[in-house]
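Pasted below: entry35.cif, mmCIF, C-alpha atoms.
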data_coords
loop_
_atom_site.group_PDB
_atom_site.id
_atom_site.type_symbol
_atom_site.label_atom_id
_atom_site.label_comp_id
_atom_site.auth_asym_id
_atom_site.auth_seq_id
_atom_site.Cartn_x
_atom_site.Cartn_y
_atom_site.Cartn_z
ATOM 1 C CA MET A 1 3.361 13.656 14.048
ATOM 2 C CA ALA A 2 6.389 12.500 16.096
ATOM 3 C CA PRO A 3 4.452 10.760 18.937
ATOM 4 C CA ARG A 4 2.651 8.607 16.358
ATOM 5 C CA LEU A 5 5.847 7.222 14.874
ATOM 6 C CA GLY A 6 6.740 4.982 17.830
ATOM 7 C CA PRO A 7 5.580 1.621 16.356
ATOM 8 C CA LEU A 8 7.080 2.431 12.965
ATOM 9 C CA ALA A 9 10.374 3.632 14.431
ATOM 10 C CA ALA A 10 10.637 0.386 16.417
ATOM 11 C CA ALA A 11 10.087 -1.688 13.256
ATOM 12 C CA VAL A 12 12.682 0.359 11.364
ATOM 13 C CA ARG A 13 15.257 -0.021 14.154
ATOM 14 C CA ASP A 14 14.793 -3.783 14.121
ATOM 15 C CA PHE A 15 15.072 -3.865 10.318
ATOM 16 C CA THR A 16 18.382 -2.002 10.562
ATOM 17 C CA ALA A 17 19.622 -4.304 13.327
ATOM 18 C CA ARG A 18 18.844 -7.354 11.179
ATOM 19 C CA THR A 19 20.131 -6.060 7.842
ATOM 20 C CA GLY A 20 22.616 -3.275 8.567
ATOM 21 C CA VAL A 21 20.594 -0.947 6.317
ATOM 22 C CA PRO A 22 19.920 2.466 7.916
ATOM 23 C CA VAL A 23 16.517 3.971 7.215
ATOM 24 C CA ASP A 24 15.932 7.706 7.345
ATOM 25 C CA LEU A 25 12.261 8.062 8.274
ATOM 26 C CA PRO A 26 11.773 11.654 7.043
ATOM 27 C CA THR A 27 13.150 10.669 3.636
ATOM 28 C CA ALA A 28 11.020 7.524 3.424
ATOM 29 C CA LEU A 29 7.853 9.367 4.432
ATOM 30 C CA PHE A 30 8.242 12.742 2.763
ATOM 31 C CA LEU A 31 10.727 12.520 -0.142
ATOM 32 C CA ARG A 32 8.022 12.354 -2.814
ATOM 33 C CA ALA A 33 6.348 15.512 -1.524
ATOM 34 C CA ARG A 34 9.671 17.345 -1.345
ATOM 35 C CA LEU A 35 10.703 16.380 -4.868
ATOM 36 C CA ALA A 36 7.332 17.340 -6.319
ATOM 37 C CA GLY A 37 7.125 20.581 -4.332
ATOM 38 C CA LEU A 38 3.776 19.593 -2.847
ATOM 39 C CA GLU A 39 2.180 21.942 -0.336
ATOM 40 C CA LEU A 40 1.091 20.922 3.135
ATOM 41 C CA PRO A 41 -2.285 19.239 2.793
ATOM 42 C CA GLY A 42 -5.519 20.445 4.324
ATOM 43 C CA ARG A 43 -8.838 18.826 3.492
ATOM 44 C CA THR A 44 -7.492 18.114 0.029
ATOM 45 C CA CYS A 45 -4.555 15.711 0.000
ATOM 46 C CA ALA A 46 -1.090 16.803 -1.071
ATOM 47 C CA GLY A 47 -1.469 15.110 -4.441
ATOM 48 C CA GLY A 48 -4.865 16.709 -5.063
ATOM 49 C CA SER A 49 -6.961 13.611 -5.795
ATOM 50 C CA CYS A 50 -8.439 12.838 -2.364
ATOM 51 C CA ARG A 51 -10.796 15.059 -0.364
ATOM 52 C CA LEU A 52 -12.070 14.970 3.196
ATOM 53 C CA LEU A 53 -15.787 15.699 3.061
ATOM 54 C CA ALA A 54 -18.132 16.670 5.885
ATOM 55 C CA THR A 55 -21.095 14.302 6.090
ATOM 56 C CA ALA A 56 -24.318 14.263 8.073
ATOM 57 C CA ASP A 57 -22.598 12.456 10.964
ATOM 58 C CA GLY A 58 -18.869 13.012 10.531
ATOM 59 C CA TRP A 59 -16.213 12.891 7.818
ATOM 60 C CA ALA A 60 -15.280 10.688 4.890
ATOM 61 C CA ALA A 61 -12.528 10.636 2.271
ATOM 62 C CA VAL A 62 -13.238 10.122 -1.420
ATOM 63 C CA ASN A 63 -10.226 9.575 -3.663
ATOM 64 C CA LEU A 64 -10.640 10.284 -7.393
ATOM 65 C CA ALA A 65 -7.133 9.025 -8.121
ATOM 66 C CA ARG A 66 -7.762 7.483 -11.551
ATOM 67 C CA PRO A 67 -9.699 8.548 -14.653
ATOM 68 C CA ASP A 68 -12.216 5.761 -14.000
ATOM 69 C CA ASP A 69 -12.925 7.200 -10.536
ATOM 70 C CA THR A 70 -13.767 10.614 -11.981
ATOM 71 C CA ALA A 71 -15.887 8.981 -14.687
ATOM 72 C CA ALA A 72 -17.875 7.132 -11.995
ATOM 73 C CA LEU A 73 -18.689 10.326 -10.076
ATOM 74 C CA PRO A 74 -22.104 10.921 -11.757
ATOM 75 C CA ALA A 75 -23.085 7.359 -10.874
ATOM 76 C CA LEU A 76 -22.051 7.943 -7.266
ATOM 77 C CA LEU A 77 -24.162 11.082 -7.064
ATOM 78 C CA ALA A 78 -27.110 9.124 -8.456
ATOM 79 C CA LEU A 79 -26.657 6.401 -5.814
ATOM 80 C CA LEU A 80 -26.658 9.104 -3.159
ATOM 81 C CA GLY A 81 -29.870 10.597 -4.574
ATOM 82 C CA ALA A 82 -28.047 13.808 -5.455
ATOM 83 C CA GLU A 83 -28.025 13.950 -9.259
ATOM 84 C CA GLY A 84 -26.872 17.331 -10.448
ATOM 85 C CA ALA A 85 -25.314 18.269 -7.107
ATOM 86 C CA ASP A 86 -21.598 18.529 -6.428
ATOM 87 C CA LEU A 87 -19.928 15.924 -4.229
ATOM 88 C CA THR A 88 -19.442 18.310 -1.305
ATOM 89 C CA THR A 89 -23.166 19.049 -1.172
ATOM 90 C CA ALA A 90 -24.135 15.422 -1.665
ATOM 91 C CA ALA A 91 -21.859 14.307 1.183
ATOM 92 C CA ARG A 92 -23.592 16.576 3.687
ATOM 93 C CA GLY A 93 -26.870 14.746 3.138
ATOM 94 C CA VAL A 94 -25.636 11.217 3.929
ATOM 95 C CA GLN A 95 -23.779 9.411 6.663
ATOM 96 C CA ALA A 96 -20.030 8.929 6.275
ATOM 97 C CA ARG A 97 -20.263 5.144 6.113
ATOM 98 C CA GLN A 98 -22.996 5.337 3.473
ATOM 99 C CA LEU A 99 -20.904 7.641 1.307
ATOM 100 C CA ALA A 100 -17.891 5.327 1.564
ATOM 101 C CA GLU A 101 -19.889 2.177 0.894
ATOM 102 C CA GLN A 102 -21.634 3.591 -2.164
ATOM 103 C CA ALA A 103 -18.339 4.860 -3.571
ATOM 104 C CA GLN A 104 -16.666 1.491 -2.992
ATOM 105 C CA LEU A 105 -19.530 -0.233 -4.823
ATOM 106 C CA LEU A 106 -18.392 1.693 -7.902
ATOM 107 C CA GLY A 107 -14.719 0.902 -7.302
ATOM 108 C CA ILE A 108 -13.900 4.400 -6.016
ATOM 109 C CA PRO A 109 -11.458 4.391 -3.056
ATOM 110 C CA ALA A 110 -13.331 5.925 -0.125
ATOM 111 C CA ALA A 111 -13.529 5.569 3.639
ATOM 112 C CA ALA A 112 -15.304 6.952 6.678
ATOM 113 C CA LEU A 113 -12.883 8.566 9.097
ATOM 114 C CA GLY A 114 -11.551 6.064 11.645
ATOM 115 C CA SER A 115 -13.675 3.215 10.318
ATOM 116 C CA ALA A 116 -11.037 0.526 9.712
ATOM 117 C CA GLY A 117 -7.753 -0.988 10.736
ATOM 118 C CA ALA A 118 -7.915 -0.952 14.520
ATOM 119 C CA ASP A 119 -9.014 -4.611 14.696
ATOM 120 C CA ARG A 120 -5.970 -5.912 12.805
ATOM 121 C CA ALA A 121 -2.266 -6.165 13.416
ATOM 122 C CA PRO A 122 -0.252 -4.333 10.748
ATOM 123 C CA VAL A 123 1.125 -7.685 9.548
ATOM 124 C CA ARG A 124 -0.420 -11.119 9.926
ATOM 125 C CA ALA A 125 1.786 -14.122 9.157
ATOM 126 C CA GLU A 126 0.314 -17.405 7.875
ATOM 127 C CA ARG A 127 2.440 -20.548 7.558
ATOM 128 C CA HIS A 128 2.029 -22.365 4.240
ATOM 129 C CA GLY A 129 5.504 -23.804 3.682
ATOM 130 C CA GLU A 130 8.477 -25.401 5.359
ATOM 131 C CA ARG A 131 11.084 -23.235 7.067
ATOM 132 C CA LEU A 132 14.650 -22.887 5.856
ATOM 133 C CA VAL A 133 16.824 -20.149 7.342
ATOM 134 C CA ARG A 134 18.754 -18.266 4.659
ATOM 135 C CA PRO A 135 20.570 -14.917 4.600
ATOM 136 C CA LEU A 136 18.794 -12.073 2.853
ATOM 137 C CA PRO A 137 21.769 -11.121 0.609
ATOM 138 C CA GLY A 138 21.455 -12.924 -2.710
ATOM 139 C CA GLN A 139 17.791 -13.837 -2.363
ATOM 140 C CA ARG A 140 15.724 -13.186 -5.493
ATOM 141 C CA VAL A 141 12.823 -10.768 -4.963
ATOM 142 C CA VAL A 142 10.121 -10.484 -7.615
ATOM 143 C CA ASP A 143 8.199 -7.247 -7.129
ATOM 144 C CA LEU A 144 4.750 -7.349 -8.742
ATOM 145 C CA SER A 145 3.564 -4.217 -6.949
ATOM 146 C CA ALA A 146 3.268 -0.636 -8.165
ATOM 147 C CA LEU A 147 3.123 2.948 -6.908
ATOM 148 C CA TRP A 148 4.776 3.251 -3.472
ATOM 149 C CA ALA A 149 4.234 0.768 -0.633
ATOM 150 C CA GLY A 150 5.420 -2.420 -2.347
ATOM 151 C CA PRO A 151 8.275 -0.756 -4.249
ATOM 152 C CA LEU A 152 9.541 0.822 -1.009
ATOM 153 C CA CYS A 153 9.600 -2.633 0.568
ATOM 154 C CA ALA A 154 11.521 -3.930 -2.467
ATOM 155 C CA ARG A 155 13.971 -1.006 -2.315
ATOM 156 C CA LEU A 156 14.867 -1.764 1.302
ATOM 157 C CA LEU A 157 15.304 -5.481 0.643
ATOM 158 C CA GLY A 158 17.492 -4.596 -2.320
ATOM 159 C CA LEU A 159 19.655 -2.341 -0.165
ATOM 160 C CA ALA A 160 20.036 -5.316 2.176
ATOM 161 C CA GLY A 161 21.539 -7.362 -0.662
ATOM 162 C CA ALA A 162 18.546 -9.039 -2.293
ATOM 163 C CA ARG A 163 18.381 -9.202 -6.102
ATOM 164 C CA VAL A 164 15.173 -7.380 -7.080
ATOM 165 C CA VAL A 165 13.264 -7.883 -10.321
ATOM 166 C CA LYS A 166 10.425 -5.445 -10.979
ATOM 167 C CA ALA A 167 7.710 -6.992 -13.142
ATOM 168 C CA GLU A 168 5.172 -4.877 -15.029
ATOM 169 C CA SER A 169 2.371 -5.668 -17.408
ATOM 170 C CA ALA A 170 3.014 -4.570 -20.992
ATOM 171 C CA THR A 171 -0.549 -3.188 -21.084
ATOM 172 C CA ARG A 172 -0.649 -1.675 -17.588
ATOM 173 C CA PRO A 173 2.676 -0.141 -16.506
ATOM 174 C CA ASP A 174 3.311 1.192 -13.010
ATOM 175 C CA GLY A 175 1.349 4.437 -12.563
ATOM 176 C CA ALA A 176 4.262 5.855 -10.563
ATOM 177 C CA ARG A 177 6.090 6.323 -13.858
ATOM 178 C CA ARG A 178 3.837 9.351 -14.403
ATOM 179 C CA GLY A 179 5.110 10.965 -11.202
ATOM 180 C CA HIS A 180 8.405 12.658 -10.434
ATOM 181 C CA PRO A 181 11.183 10.756 -12.248
ATOM 182 C CA ASP A 182 13.693 11.218 -9.419
ATOM 183 C CA PHE A 183 11.306 9.572 -6.980
ATOM 184 C CA TYR A 184 10.713 6.636 -9.307
ATOM 185 C CA ARG A 185 14.467 6.193 -9.745
ATOM 186 C CA TRP A 186 14.970 6.371 -5.964
ATOM 187 C CA LEU A 187 12.505 3.518 -5.474
ATOM 188 C CA HIS A 188 13.841 1.286 -8.242
ATOM 189 C CA ASP A 189 17.534 2.092 -8.494
ATOM 190 C CA GLY A 190 19.581 -1.050 -9.140
ATOM 191 C CA HIS A 191 16.562 -3.274 -9.826
ATOM 192 C CA GLU A 192 16.151 -5.373 -12.940
ATOM 193 C CA SER A 193 13.042 -4.482 -14.957
ATOM 194 C CA ARG A 194 10.849 -6.979 -16.782
ATOM 195 C CA VAL A 195 7.870 -5.936 -18.929
ATOM 196 C CA LEU A 196 5.689 -8.960 -19.604
ATOM 197 C CA ASP A 197 2.543 -10.031 -21.351
ATOM 198 C CA PHE A 198 0.756 -11.525 -18.368
ATOM 199 C CA ALA A 199 -1.599 -13.530 -20.613
ATOM 200 C CA THR A 200 1.234 -15.737 -21.896
ATOM 201 C CA GLY A 201 2.172 -17.410 -18.619
ATOM 202 C CA SER A 202 5.482 -15.545 -18.448
ATOM 203 C CA LEU A 203 4.568 -14.001 -15.103
ATOM 204 C CA ALA A 204 3.999 -17.391 -13.485
ATOM 205 C CA ALA A 205 7.401 -18.512 -14.769
ATOM 206 C CA LEU A 206 9.091 -15.439 -13.287
ATOM 207 C CA VAL A 207 7.370 -15.943 -9.933
ATOM 208 C CA ASP A 208 8.521 -19.557 -9.895
ATOM 209 C CA GLU A 209 12.141 -18.326 -9.864
ATOM 210 C CA ALA A 210 11.618 -16.117 -6.799
ATOM 211 C CA ASP A 211 12.542 -16.559 -3.171
ATOM 212 C CA ILE A 212 10.419 -13.569 -2.082
ATOM 213 C CA VAL A 213 7.373 -12.139 -3.869
ATOM 214 C CA ILE A 214 5.904 -8.702 -3.184
ATOM 215 C CA GLU A 215 2.460 -7.951 -4.604
ATOM 216 C CA ALA A 216 -0.462 -5.632 -4.005
ATOM 217 C CA SER A 217 -3.192 -7.390 -5.970
ATOM 218 C CA ARG A 218 -6.472 -8.975 -5.076
ATOM 219 C CA PRO A 219 -5.821 -12.696 -4.564
ATOM 220 C CA ARG A 220 -8.350 -13.657 -7.224
ATOM 221 C CA ALA A 221 -6.556 -11.532 -9.838
ATOM 222 C CA LEU A 222 -3.361 -13.543 -9.447
ATOM 223 C CA ARG A 223 -5.244 -16.826 -9.278
ATOM 224 C CA ARG A 224 -6.682 -16.084 -12.712
ATOM 225 C CA LEU A 225 -3.070 -15.983 -13.918
ATOM 226 C CA GLY A 226 -2.349 -19.346 -12.309
ATOM 227 C CA ILE A 227 -0.473 -17.891 -9.340
ATOM 228 C CA ARG A 228 -1.359 -18.818 -5.765
ATOM 229 C CA ALA A 229 0.643 -17.627 -2.781
ATOM 230 C CA GLU A 230 -0.065 -20.832 -0.880
ATOM 231 C CA ASP A 231 1.270 -23.019 -3.710
ATOM 232 C CA PHE A 232 4.359 -20.833 -4.108
ATOM 233 C CA LEU A 233 5.216 -21.215 -0.433
ATOM 234 C CA ALA A 234 4.566 -24.950 -0.335
ATOM 235 C CA ALA A 235 6.740 -25.639 -3.407
ATOM 236 C CA ARG A 236 10.095 -24.796 -1.822
ATOM 237 C CA PRO A 237 11.218 -24.300 1.801
ATOM 238 C CA GLY A 238 12.091 -20.857 3.104
ATOM 239 C CA ARG A 239 10.112 -18.719 0.664
ATOM 240 C CA VAL A 240 8.267 -15.545 1.718
ATOM 241 C CA TRP A 241 5.222 -13.930 0.110
ATOM 242 C CA VAL A 242 4.393 -10.295 0.954
ATOM 243 C CA SER A 243 0.769 -9.433 0.181
ATOM 244 C CA ILE A 244 -0.149 -5.745 0.515
ATOM 245 C CA THR A 245 -3.848 -4.859 0.515
ATOM 246 C CA GLY A 246 -5.954 -1.947 1.636
ATOM 247 C CA TYR A 247 -8.076 -3.750 4.202
ATOM 248 C CA GLY A 248 -6.799 -7.351 4.277
ATOM 249 C CA ARG A 249 -6.834 -10.264 1.842
ATOM 250 C CA ASP A 250 -10.394 -11.126 2.833
ATOM 251 C CA ASP A 251 -11.705 -7.669 1.860
ATOM 252 C CA ASP A 252 -11.959 -6.523 -1.764
ATOM 253 C CA ARG A 253 -12.230 -2.806 -1.020
ATOM 254 C CA ILE A 254 -9.753 -0.601 -2.863
ATOM 255 C CA ALA A 255 -7.466 1.780 -0.997
ATOM 256 C CA PHE A 256 -4.715 4.245 -1.802
ATOM 257 C CA GLY A 257 -2.448 5.969 0.690
ATOM 258 C CA ASP A 258 -4.553 9.015 1.501
ATOM 259 C CA ASP A 259 -7.941 7.339 1.933
ATOM 260 C CA ALA A 260 -6.340 4.422 3.808
ATOM 261 C CA ALA A 261 -4.868 6.879 6.321
ATOM 262 C CA VAL A 262 -8.306 8.447 6.810
ATOM 263 C CA ALA A 263 -9.905 5.032 7.276
ATOM 264 C CA ALA A 264 -7.342 4.368 10.009
ATOM 265 C CA GLY A 265 -7.915 7.719 11.711
ATOM 266 C CA LEU A 266 -4.369 8.852 10.891
ATOM 267 C CA THR A 267 -5.199 12.515 10.358
ATOM 268 C CA GLY A 268 -4.337 15.872 11.861
ATOM 269 C CA ARG A 269 -6.678 18.558 13.155
ATOM 270 C CA ASP A 270 -7.106 22.163 12.131
ATOM 271 C CA ARG A 271 -7.691 25.026 14.560
ATOM 272 C CA HIS A 272 -11.400 24.190 14.645
ATOM 273 C CA GLY A 273 -10.726 20.566 15.544
ATOM 274 C CA ASP A 274 -11.759 19.266 12.143
ATOM 275 C CA PRO A 275 -9.668 16.596 10.371
ATOM 276 C CA VAL A 276 -6.975 17.364 7.798
ATOM 277 C CA PHE A 277 -4.621 15.100 5.893
ATOM 278 C CA LEU A 278 -1.191 14.292 7.306
ATOM 279 C CA GLY A 279 1.739 14.094 4.917
ATOM 280 C CA ASP A 280 1.520 12.731 1.395
ATOM 281 C CA ALA A 281 -0.395 9.452 0.945
ATOM 282 C CA LEU A 282 1.030 8.572 4.339
ATOM 283 C CA ALA A 283 -0.308 5.029 4.572
ATOM 284 C CA ASP A 284 1.792 4.081 1.526
ATOM 285 C CA PRO A 285 5.317 4.581 2.916
ATOM 286 C CA VAL A 286 4.216 3.476 6.395
ATOM 287 C CA THR A 287 3.026 0.190 4.892
ATOM 288 C CA GLY A 288 6.180 -0.250 2.830
ATOM 289 C CA LEU A 289 8.357 0.107 5.926
ATOM 290 C CA PHE A 290 6.290 -2.350 7.976
ATOM 291 C CA ALA A 291 6.351 -4.793 5.042
ATOM 292 C CA ALA A 292 10.139 -4.661 4.633
ATOM 293 C CA HIS A 293 10.645 -5.295 8.335
ATOM 294 C CA ALA A 294 8.201 -8.211 8.292
ATOM 295 C CA ALA A 295 9.925 -9.784 5.267
ATOM 296 C CA ALA A 296 13.384 -9.528 6.831
ATOM 297 C CA ARG A 297 12.119 -10.952 10.105
ATOM 298 C CA SER A 298 10.305 -13.822 8.375
ATOM 299 C CA LEU A 299 13.314 -14.778 6.270
ATOM 300 C CA ALA A 300 15.539 -14.796 9.357
ATOM 301 C CA ALA A 301 13.095 -17.205 11.018
ATOM 302 C CA GLY A 302 13.070 -19.557 8.029
ATOM 303 C CA GLY A 303 10.214 -18.126 5.949
ATOM 304 C CA GLY A 304 7.453 -20.365 4.669
ATOM 305 C CA GLU A 305 5.084 -17.498 5.395
ATOM 306 C CA LEU A 306 2.394 -15.459 3.702
ATOM 307 C CA LEU A 307 2.684 -11.966 5.190
ATOM 308 C CA CYS A 308 -0.673 -10.193 4.992
ATOM 309 C CA VAL A 309 0.087 -6.470 5.244
ATOM 310 C CA SER A 310 -2.953 -4.190 5.554
ATOM 311 C CA MET A 311 -2.475 -0.515 4.715
ATOM 312 C CA THR A 312 -5.283 0.566 7.026
ATOM 313 C CA ALA A 313 -3.949 -1.568 9.869
ATOM 314 C CA CYS A 314 -0.423 -0.177 9.422
ATOM 315 C CA ALA A 315 -1.767 3.380 9.540
ATOM 316 C CA ALA A 316 -4.034 2.526 12.481
ATOM 317 C CA ALA A 317 -1.017 1.399 14.522
ATOM 318 C CA LEU A 318 0.361 4.933 14.235
ATOM 319 C CA ALA A 319 -3.015 6.540 14.911
ATOM 320 C CA ALA A 320 -3.374 4.514 18.118
ATOM 321 C CA ALA A 321 0.129 5.482 19.245
ATOM 322 C CA GLY A 322 -0.719 9.140 18.792
ATOM 323 C CA SER A 323 -3.893 8.905 20.829
ATOM 324 C CA GLY A 324 -2.208 7.510 23.922
#

Do you think you could lay out the structure here as structure tokens?
Amino acid sequence: MAPRLGPLAAAVRDFTARTGVPVDLPTALFLRARLAGLELPGRTCAGGSCRLLATADGWAAVNLARPDDTAALPALLALLGAEGADLTTAARGVQARQLAEQAQLLGIPAAALGSAGADRAPVRAERHGERLVRPLPGQRVVDLSALWAGPLCARLLGLAGARVVKAESATRPDGARRGHPDFYRWLHDGHESRVLDFATGSLAALVDEADIVIEASRPRALRRLGIRAEDFLAARPGRVWVSITGYGRDDDRIAFGDDAAVAAGLTGRDRHGDPVFLGDALADPVTGLFAAHAAARSLAAGGGELLCVSMTACAAALAAAGSG
């Protein structure tokens, strides 16, 4: 694992140089697994929801992370022409890309091994507002994200002196609340919490107060709530918008940490040379660290930027470093 960490370690060092906040990489990457007592993963991820499956031409990951994903499994088997079969058997009869594409059609996170991320930089910055250099301490961060990557970014900005407000929907709270409570507290310690009815316009009002926004939503979902990153940035100089997606803002595919790492080719190998998972949802903390560094760097340069942070591209940067 160590040779792959070069690009991430460089980003973390620069974040510390800019903010004075030390970052312990083993803690950031592996604390959740340690707290939960998770075993080293093999072809089933540490959390148990994602599996690496042998296909007719390679390997693919299918992540049944939510109840809706499990409920859609019979439909996936039907699309694959394998009604009545189990997923392992069905996967062997199709190509990896076909399996991933059919699963994604049903909203199931899935990816062919090494199929995505290598054509993108981990973070792409787009200018949509005027620059205004401001110190990070005291800036107001509104965190609309959930689970791990976005909240880790918010945690690091908070440690650097930003005032963080975590916003959650009253009808759809952060799924990380169902995980280990110590890990959730570690991510959100010291942050203000707001639980809102998004249908009332209260979210747009909260976003309007922010200097930095962190979100991990499809752009169209926020637009339906009257929130546009481009308008936010244009309204006041120096603002920063951090957008975390699985494959980029122009791609609606869903991704979680384990399947995103597989898509990027960030896997280990067993004694037979076959792929196994590395770490615990590894693309999540890797993305959160890249995002925090990008936000600090953007703010120091005057902001005005939409930072497009792709989970698969962040993981692919590490996979490429390990292959050199």

Two-atom distance - atom CA of Pro74 of chain A, atom CA of Ala96 of chain A (Å):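 Spanning atom CA of Pro74 of chain A to atom CA of Ala96 of chain A is a straight-line distance of 18.3 Å.
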
Result set, the PyMOL selection byres ((chain A and resi 53-57) around 7) on current file, as an NGL selection string: :A and (51-52 or 58-61 or 88 or 91-96)

Selected residue of minimal separation from Val213 of chain A among A:Leu29, A:Ala281, A:Ala295, A:Leu76, counting all atoms listed in the file: A:Ala295

Evaluate the PyMOL selection byres ((chain A and resi 228-242) around 8) and report residues as a PyMOL selection string: chain A and resi 128-134+208+211-215+219+222-223+226-227+243-244+291+295+298-299+302-309

Distance in Å - atom CA of Leu203 of chain A versus atom CA of Gln139 of chain A: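 Rounded to one decimal, the two atoms are 18.4 Å apart.
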
Expected residue set, 9 Å radius at (4.9, -2.0, -15.9), only C-alpha atoms, as a PyMOL selection string: chain A and resi 144+146+166-175+177+193-196

Output C-alpha atoms for every residue in the selection just made, as an mmCIF file, keeping the file's coordinate frame.
data_model
loop_
_atom_site.group_PDB
_atom_site.id
_atom_site.type_symbol
_atom_site.label_atom_id
_atom_site.label_comp_id
_atom_site.auth_asym_id
_atom_site.auth_seq_id
_atom_site.Cartn_x
_atom_site.Cartn_y
_atom_site.Cartn_z
ATOM 1 C CA LEU A 144 4.750 -7.349 -8.742
ATOM 2 C CA ALA A 146 3.268 -0.636 -8.165
ATOM 3 C CA LYS A 166 10.425 -5.445 -10.979
ATOM 4 C CA ALA A 167 7.710 -6.992 -13.142
ATOM 5 C CA GLU A 168 5.172 -4.877 -15.029
ATOM 6 C CA SER A 169 2.371 -5.668 -17.408
ATOM 7 C CA ALA A 170 3.014 -4.570 -20.992
ATOM 8 C CA THR A 171 -0.549 -3.188 -21.084
ATOM 9 C CA ARG A 172 -0.649 -1.675 -17.588
ATOM 10 C CA PRO A 173 2.676 -0.141 -16.506
ATOM 11 C CA ASP A 174 3.311 1.192 -13.010
ATOM 12 C CA GLY A 175 1.349 4.437 -12.563
ATOM 13 C CA ARG A 177 6.090 6.323 -13.858
ATOM 14 C CA SER A 193 13.042 -4.482 -14.957
ATOM 15 C CA ARG A 194 10.849 -6.979 -16.782
ATOM 16 C CA VAL A 195 7.870 -5.936 -18.929
ATOM 17 C CA LEU A 196 5.689 -8.960 -19.604
#

Coordinates-based distance that separates atom CA of Ala317 of chain A from atom CA of Val141 of chain A (Å, one decimal):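 Atom-to-atom, atom CA of Val141 of chain A to atom CA of Ala317 of chain A, that is 26.8 Å.
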
Contacts of segment 41-46 of chain A at 6 Å (only C-alpha atoms; same-chain gap of 3+ positions) as a list of chain:residue names: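 Non-adjacent residues within range: A:Leu38, A:Cys50, A:Arg51, A:Leu52, A:Val276, A:Phe277, A:Asp280.
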
Padding 3 Å on each side, edges along x, y and z: where is the centre of the box around the listed atoms of segment 150-164 of chain A, and how long are its edges in Å to one decimal? Output it as AutoDock Vina command-line options.
--center_x 13.5 --center_y -4.2 --center_z -2.5 --size_x 22.1 --size_y 16.0 --size_z 15.3

Nearest candidate to Asp119 of chain A (options A:Ala294, A:Ala313, A:Val207, A:Ala162; using all atoms listed in the file): A:Ala313

Given the PyMOL selection byres ((chain A and resi 183) around 10), the residues it picks as a list in words: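 Residues picked by the PyMOL selection byres ((chain A and resi 183) around 10): Leu31, Arg32, Ala33, Arg34, Leu35, Ala36, Trp148, Ala176, Arg177, Gly179, His180, Pro181, Asp182, Tyr184, Arg185, Trp186, Leu187, His188 and Asp189 of chain A.
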
Proximity to Leu206 of chain A - best of A:Ile254, A:Arg224, A:Asp143, A:Pro67, all atoms listed in the file: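 Smallest separation from Leu206 of chain A among the options: A:Asp143.
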
Excluding Ala283 of chain A and its own-chain neighbours fewer than 3 positions away, which residues fall within 10 Å of it when counting all atoms listed in the file? Please give them as a CSV table (one decimal) with C-alpha atoms, keeping the file's coordinate frame.
chain,number,residue,atom,x,y,z
A,29,LEU,CA,7.9,9.4,4.4
A,148,TRP,CA,4.8,3.3,-3.5
A,149,ALA,CA,4.2,0.8,-0.6
A,246,GLY,CA,-6.0,-1.9,1.6
A,255,ALA,CA,-7.5,1.8,-1.0
A,256,PHE,CA,-4.7,4.2,-1.8
A,257,GLY,CA,-2.4,6.0,0.7
A,258,ASP,CA,-4.6,9.0,1.5
A,259,ASP,CA,-7.9,7.3,1.9
A,260,ALA,CA,-6.3,4.4,3.8
A,261,ALA,CA,-4.9,6.9,6.3
A,262,VAL,CA,-8.3,8.4,6.8
A,263,ALA,CA,-9.9,5.0,7.3
A,264,ALA,CA,-7.3,4.4,10.0
A,266,LEU,CA,-4.4,8.9,10.9
A,278,LEU,CA,-1.2,14.3,7.3
A,279,GLY,CA,1.7,14.1,4.9
A,280,ASP,CA,1.5,12.7,1.4
A,286,VAL,CA,4.2,3.5,6.4
A,287,THR,CA,3.0,0.2,4.9
A,288,GLY,CA,6.2,-0.2,2.8
A,310,SER,CA,-3.0,-4.2,5.6
A,311,MET,CA,-2.5,-0.5,4.7
A,312,THR,CA,-5.3,0.6,7.0
A,313,ALA,CA,-3.9,-1.6,9.9
A,314,CYS,CA,-0.4,-0.2,9.4
A,315,ALA,CA,-1.8,3.4,9.5
A,316,ALA,CA,-4.0,2.5,12.5
A,318,LEU,CA,0.4,4.9,14.2

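Between Asp284 of chain A and the residues A:Ser115, A:Phe30, A:Ala72, A:Arg120, the shortest atom-to-atom distance, using all atoms listed in the file, involves A:Phe30.
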
Closest of A:Ala300, A:Ala112, A:Ala319, A:Ala78 to Leu282 of chain A - atom-to-atom distances counting all atoms listed in the file: A:Ala319

Surrounding residues of Gly107 of chain A excluding itself and chain neighbours under 5 positions, 12 Å, all atoms listed in the file, as a PyMOL selection string: chain A and resi 62-73+75-76+100-102+252-256

Save out the residues we just selected, C-alpha atoms, as a compact mmCIF listing (two decimals), in the coordinates of the input.
# COMPACT_ATOMS: atom_id res chain seq x y z
CA VAL A 62 -13.24 10.12 -1.42
CA ASN A 63 -10.23 9.57 -3.66
CA LEU A 64 -10.64 10.28 -7.39
CA ALA A 65 -7.13 9.02 -8.12
CA ARG A 66 -7.76 7.48 -11.55
CA PRO A 67 -9.70 8.55 -14.65
CA ASP A 68 -12.22 5.76 -14.00
CA ASP A 69 -12.92 7.20 -10.54
CA THR A 70 -13.77 10.61 -11.98
CA ALA A 71 -15.89 8.98 -14.69
CA ALA A 72 -17.88 7.13 -12.00
CA LEU A 73 -18.69 10.33 -10.08
CA ALA A 75 -23.08 7.36 -10.87
CA LEU A 76 -22.05 7.94 -7.27
CA ALA A 100 -17.89 5.33 1.56
CA GLU A 101 -19.89 2.18 0.89
CA GLN A 102 -21.63 3.59 -2.16
CA ASP A 252 -11.96 -6.52 -1.76
CA ARG A 253 -12.23 -2.81 -1.02
CA ILE A 254 -9.75 -0.60 -2.86
CA ALA A 255 -7.47 1.78 -1.00
CA PHE A 256 -4.72 4.24 -1.80
